[in-house]
$ cat upload_19.tsv   # TSV, C-alpha atoms and all ligand atoms
chain	number	residue	atom	x	y	z
A	40	MET	CA	256.88	112.91	149.54
A	41	ILE	CA	258.84	114.47	152.37
A	42	VAL	CA	262.39	113.36	153.15
A	43	THR	CA	264.12	114.76	156.24
A	44	HIS	CA	267.30	113.97	158.11
A	45	LEU	CA	267.26	114.40	161.88
A	46	SER	CA	270.04	116.98	161.61
A	47	ASP	CA	267.83	119.11	159.33
A	48	LEU	CA	265.65	119.81	162.37
A	49	ASP	CA	268.47	121.04	164.62
A	50	GLY	CA	267.77	124.50	165.97
A	51	THR	CA	264.46	124.87	164.15
A	52	GLU	CA	261.05	125.27	165.80
A	53	ARG	CA	260.70	121.49	165.42
A	54	ASP	CA	263.63	121.06	167.85
A	55	VAL	CA	262.17	121.33	171.35
A	56	GLU	CA	264.03	120.95	174.62
A	57	SER	CA	262.90	120.53	178.19
A	58	THR	CA	265.10	119.97	181.23
A	59	THR	CA	265.07	116.17	180.88
A	60	TRP	CA	264.53	115.61	177.16
A	61	ARG	CA	264.97	116.96	173.66
A	62	SER	CA	262.51	116.15	170.93
A	63	ARG	CA	262.77	116.75	167.22
A	64	ARG	CA	259.45	116.53	165.39
A	65	PHE	CA	259.68	115.19	161.85
A	66	VAL	CA	255.93	115.16	161.23
A	67	LEU	CA	253.45	117.57	162.85
A	68	ALA	CA	249.75	118.32	162.47
A	69	ARG	CA	250.57	120.84	159.75
A	70	GLU	CA	251.63	117.99	157.46
A	71	GLY	CA	248.00	116.87	157.54
A	72	VAL	CA	248.56	113.12	157.72
A	73	GLY	CA	246.73	112.31	160.96
A	74	PHE	CA	249.69	111.62	163.25
A	75	SER	CA	252.90	113.26	164.41
A	76	PHE	CA	256.28	111.55	164.49
A	77	HIS	CA	259.10	112.56	166.81
A	78	ASP	CA	262.66	111.56	167.70
A	79	THR	CA	262.96	112.06	171.46
A	80	LEU	CA	266.16	111.85	173.46
A	81	ILE	CA	265.65	111.44	177.21
A	82	TYR	CA	268.77	112.39	179.12
A	83	ALA	CA	270.75	109.90	181.21
A	84	GLY	CA	270.06	110.05	184.94
A	85	THR	CA	266.74	111.89	184.61
A	86	GLU	CA	263.13	111.18	185.50
A	87	SER	CA	260.32	112.52	183.29
A	88	LYS	CA	256.63	112.47	184.19
A	89	PHE	CA	254.24	112.47	181.24
A	90	TRP	CA	250.50	112.46	180.83
A	91	TYR	CA	248.84	112.86	177.45
A	92	ALA	CA	245.21	113.35	178.37
A	93	ASN	CA	244.16	114.00	174.79
A	94	HIS	CA	246.55	111.90	172.75
A	95	ILE	CA	247.44	108.27	172.10
A	96	GLU	CA	251.19	107.72	171.87
A	97	ALA	CA	253.32	104.81	170.71
A	98	VAL	CA	256.97	104.95	171.78
A	99	TYR	CA	259.65	102.71	170.30
A	100	CYS	CA	263.04	102.67	172.02
A	101	VAL	CA	265.92	102.42	169.56
A	102	GLY	CA	268.75	102.96	172.01
A	103	GLY	CA	269.62	103.18	175.70
A	104	GLU	CA	268.43	101.68	178.95
A	105	GLY	CA	265.76	102.80	181.36
A	106	THR	CA	262.53	102.03	183.15
A	107	LEU	CA	258.91	102.91	182.44
A	108	VAL	CA	256.52	103.15	185.39
A	109	ASN	CA	252.75	103.15	185.03
A	110	ASP	CA	251.97	105.66	187.78
A	111	GLU	CA	248.38	104.45	187.96
A	112	THR	CA	249.20	100.81	188.75
A	113	GLY	CA	252.79	101.05	190.02
A	114	GLU	CA	253.86	98.52	187.37
A	115	SER	CA	257.41	98.94	186.14
A	116	PHE	CA	258.91	97.83	182.81
A	117	PRO	CA	262.51	97.79	181.62
A	118	ILE	CA	263.15	99.81	178.45
A	119	SER	CA	265.94	98.99	176.00
A	120	ASP	CA	266.56	98.98	172.26
A	121	GLY	CA	263.53	97.17	170.85
A	122	THR	CA	260.98	98.00	173.57
A	123	MET	CA	257.70	99.55	172.42
A	124	TYR	CA	255.04	100.95	174.72
A	125	LEU	CA	251.60	102.10	173.66
A	126	LEU	CA	249.76	104.59	175.88
A	127	ASN	CA	246.31	103.55	174.74
A	128	GLY	CA	244.67	104.47	178.05
A	129	HIS	CA	246.08	108.00	178.59
A	130	GLU	CA	248.12	106.61	181.47
A	131	HIS	CA	250.13	108.82	183.78
A	132	HIS	CA	253.66	107.46	183.46
A	133	THR	CA	257.25	108.14	184.40
A	134	VAL	CA	260.35	107.38	182.35
A	135	HIS	CA	263.60	106.85	184.26
A	136	ALA	CA	266.59	107.05	181.94
A	137	LYS	CA	269.63	105.10	183.14
A	138	THR	CA	271.51	106.06	179.99
A	139	ASP	CA	270.41	108.41	177.21
A	140	LEU	CA	267.22	106.91	175.79
A	141	ARG	CA	266.48	107.36	172.11
A	142	MET	CA	262.78	107.07	171.35
A	143	ALA	CA	260.75	107.18	168.14
A	144	CYS	CA	257.28	108.47	169.06
A	145	VAL	CA	253.99	108.62	167.17
A	146	PHE	CA	251.01	110.70	168.37
A	147	ASN	CA	247.37	110.57	167.35
A	148	PRO	CA	245.90	113.15	167.08
A	149	PRO	CA	249.06	114.82	165.85
A	150	VAL	CA	250.96	117.25	168.02
A	151	THR	CA	250.86	120.73	166.50
A	152	GLY	CA	254.22	121.78	167.90
A	153	ARG	CA	253.06	124.26	170.54
A	154	GLU	CA	251.95	121.83	173.23
A	155	VAL	CA	255.33	121.79	174.93
A	156	HIS	CA	254.53	125.12	176.54
A	157	ASP	CA	252.15	123.33	178.87
A	158	GLU	CA	254.53	122.67	181.71
A	159	ASN	CA	252.55	120.07	183.63
A	160	GLY	CA	253.23	117.45	180.99
A	161	VAL	CA	249.71	117.55	179.63
A	162	TYR	CA	249.33	118.39	175.98
A	163	PRO	CA	246.17	120.40	175.40
A	164	LEU	CA	244.20	119.42	172.33
A	165	LEU	CA	245.00	122.10	169.78
A	166	GLU	CA	243.66	122.34	166.28
A	167	GLU	CA	245.41	123.59	163.19
A	168	GLY	CA	243.65	126.15	161.08
A	169	PRO	CA	242.21	129.65	161.50
A	170	TYR	CA	241.28	129.03	165.10
A	171	GLU	CA	244.51	127.28	165.98
A	172	THR	CA	245.13	129.20	169.20
A	173	GLU	CA	241.85	127.98	170.64
A	174	GLU	CA	242.15	125.26	173.26
A	175	VAL	CA	239.51	122.61	172.63
A	176	SER	CA	239.89	120.81	175.94
A	177	SER	CA	242.55	120.28	178.58
B	1	LIG	C1	259.09	109.73	175.05
B	1	LIG	C2	257.97	110.67	174.83
B	1	LIG	O1	256.93	110.61	175.44
B	1	LIG	N1	258.17	111.58	173.87
B	1	LIG	C3	257.13	112.50	173.59
B	1	LIG	C4	257.50	113.53	172.64
B	1	LIG	C5	258.06	114.72	173.29
B	1	LIG	N2	257.63	114.88	174.63
B	1	LIG	C6	257.69	115.88	172.43
B	1	LIG	O2	257.99	115.91	171.24
B	1	LIG	O3	257.07	116.83	172.96
$ encode --input "upload_19.tsv" --output "structure tokens"
Amino acid sequence: MIVTHLSDLDGTERDVESTTWRSRRFVLAREGVGFSFHDTLIYAGTESKFWYANHIEAVYCVGGEGTLVNDETGESFPISDGTMYLLNGHEHHTVHAKTDLRMACVFNPPVTGREVHDENGVYPLLEEGPYETEEVSS
């Protein structure tokens, strides 16, 4: 069993910041459970473009107000406490945060923790293990 408080992750390698969001990763590929689990804060007044070509992600908003846009269809959805979106089609999408948005996020396959260095918003598919620096696909 693993028990963690969000504050335990502060300032560790599991605490990752970009210009528009901060994400603390409770569960990563190294835990070996088949998914990763993150607490992501998207900053008020920002716009973030995401595209996870190699991952499925479920996002559950637990605080704040914003808008999700499916950049492939132009559809737009309000986000507030209680909204869940599932990116089951690797959709290009944009999150507009009206206030700080607090999101609980699950990825399959799990994020290893290094993907953030890919600046175009695409997480390469990385594998844990002896060949972990090898990029499987992009
Ligand atoms: C809201 C969202 O897509 N969060 C993804 C997790 C975050 N980008 C991370 O941990 O890298």
$ closest_residue --input "upload_19.tsv" --among "A:Thr79, A:Thr58, A:Thr133, A:Asn127" --to "ligand LIG 1 (chain B)" --atoms "all atoms listed in the file"
A:Thr79
$ closest_residue --input "upload_19.tsv" --among "A:Phe65, A:Phe74, A:Tyr91, A:Trp60" --to "Leu140 of chain A" --atoms "only C-alpha atoms"
A:Trp60
$ atom_distance --input "upload_19.tsv" --atom1 "atom CA of Arg153 of chain A" --atom2 "atom CA of Thr138 of chain A"
27.6 Å
$ atom_distance --input "upload_19.tsv" --atom1 "atom CA of Thr151 of chain A" --atom2 "atom C5 of ligand LIG 1 (chain B)"
11.6 Å
$ residues_around --input "upload_19.tsv" --residues "Gly103 of chain A" --least-positions-apart "5" --cutoff "8 Å" --atoms "all atoms listed in the file" --output "VMD selection string"
chain A and resid 118 to 120 136 to 141
$ residues_near_point --input "upload_19.tsv" --point "(266.6, 115.5, 166.0)" --cutoff "9 Å" --atoms "all atoms listed in the file" --output "tab-separated table (two decimals) with C-alpha atoms, in the frame of the given file"
chain	number	residue	atom	x	y	z
A	44	HIS	CA	267.30	113.97	158.11
A	45	LEU	CA	267.26	114.40	161.88
A	46	SER	CA	270.04	116.98	161.61
A	47	ASP	CA	267.83	119.11	159.33
A	48	LEU	CA	265.65	119.81	162.37
A	49	ASP	CA	268.47	121.04	164.62
A	53	ARG	CA	260.70	121.49	165.42
A	54	ASP	CA	263.63	121.06	167.85
A	61	ARG	CA	264.97	116.96	173.66
A	62	SER	CA	262.51	116.15	170.93
A	63	ARG	CA	262.77	116.75	167.22
A	64	ARG	CA	259.45	116.53	165.39
A	65	PHE	CA	259.68	115.19	161.85
A	77	HIS	CA	259.10	112.56	166.81
A	78	ASP	CA	262.66	111.56	167.70
A	79	THR	CA	262.96	112.06	171.46
A	80	LEU	CA	266.16	111.85	173.46
$ closest_residue --input "upload_19.tsv" --among "A:Leu126, A:Val108, A:Val98, A:Ile41" --to "ligand LIG 1 (chain B)" --atoms "only C-alpha atoms and all ligand atoms"
A:Val98
$ atom_distance --input "upload_19.tsv" --atom1 "atom CA of Ala92 of chain A" --atom2 "atom CA of Thr43 of chain A"
29.1 Å
$ closest_residue --input "upload_19.tsv" --among "A:Val150, A:Ala143, A:Val134, A:Val72" --to "Phe89 of chain A" --atoms "all atoms listed in the file"
A:Val134
$ axis_aligned_box --input "upload_19.tsv" --around "ligand LIG 1 (chain B)" --padding-each-side "3 Å" --output "JSON"
{"center_x": 258.0, "center_y": 113.3, "center_z": 173.3, "size_x": 8.2, "size_y": 13.1, "size_z": 10.2}
$ residues_near_point --input "upload_19.tsv" --point "(259.2, 113.2, 182.6)" --cutoff "9 Å" --atoms "all atoms listed in the file" --output "compact mmCIF listing (two decimals) with C-alpha atoms, in the coordinates of the input"
# COMPACT_ATOMS: atom_id res chain seq x y z
CA THR A 59 265.07 116.17 180.88
CA TRP A 60 264.53 115.61 177.16
CA ILE A 81 265.65 111.44 177.21
CA THR A 85 266.74 111.89 184.61
CA GLU A 86 263.13 111.18 185.50
CA SER A 87 260.32 112.52 183.29
CA LYS A 88 256.63 112.47 184.19
CA PHE A 89 254.24 112.47 181.24
CA TRP A 90 250.50 112.46 180.83
CA HIS A 132 253.66 107.46 183.46
CA THR A 133 257.25 108.14 184.40
CA VAL A 134 260.35 107.38 182.35
CA HIS A 135 263.60 106.85 184.26
CA GLY A 160 253.23 117.45 180.99
$ closest_residue --input "upload_19.tsv" --among "A:Gly121, A:Gly128, A:Phe116, A:Val55" --to "ligand LIG 1 (chain B)" --atoms "only C-alpha atoms and all ligand atoms"
A:Val55
$ closest_residue --input "upload_19.tsv" --among "A:Met142, A:Val101, A:Asn147, A:Glu130" --to "ligand LIG 1 (chain B)" --atoms "all atoms listed in the file"
A:Met142
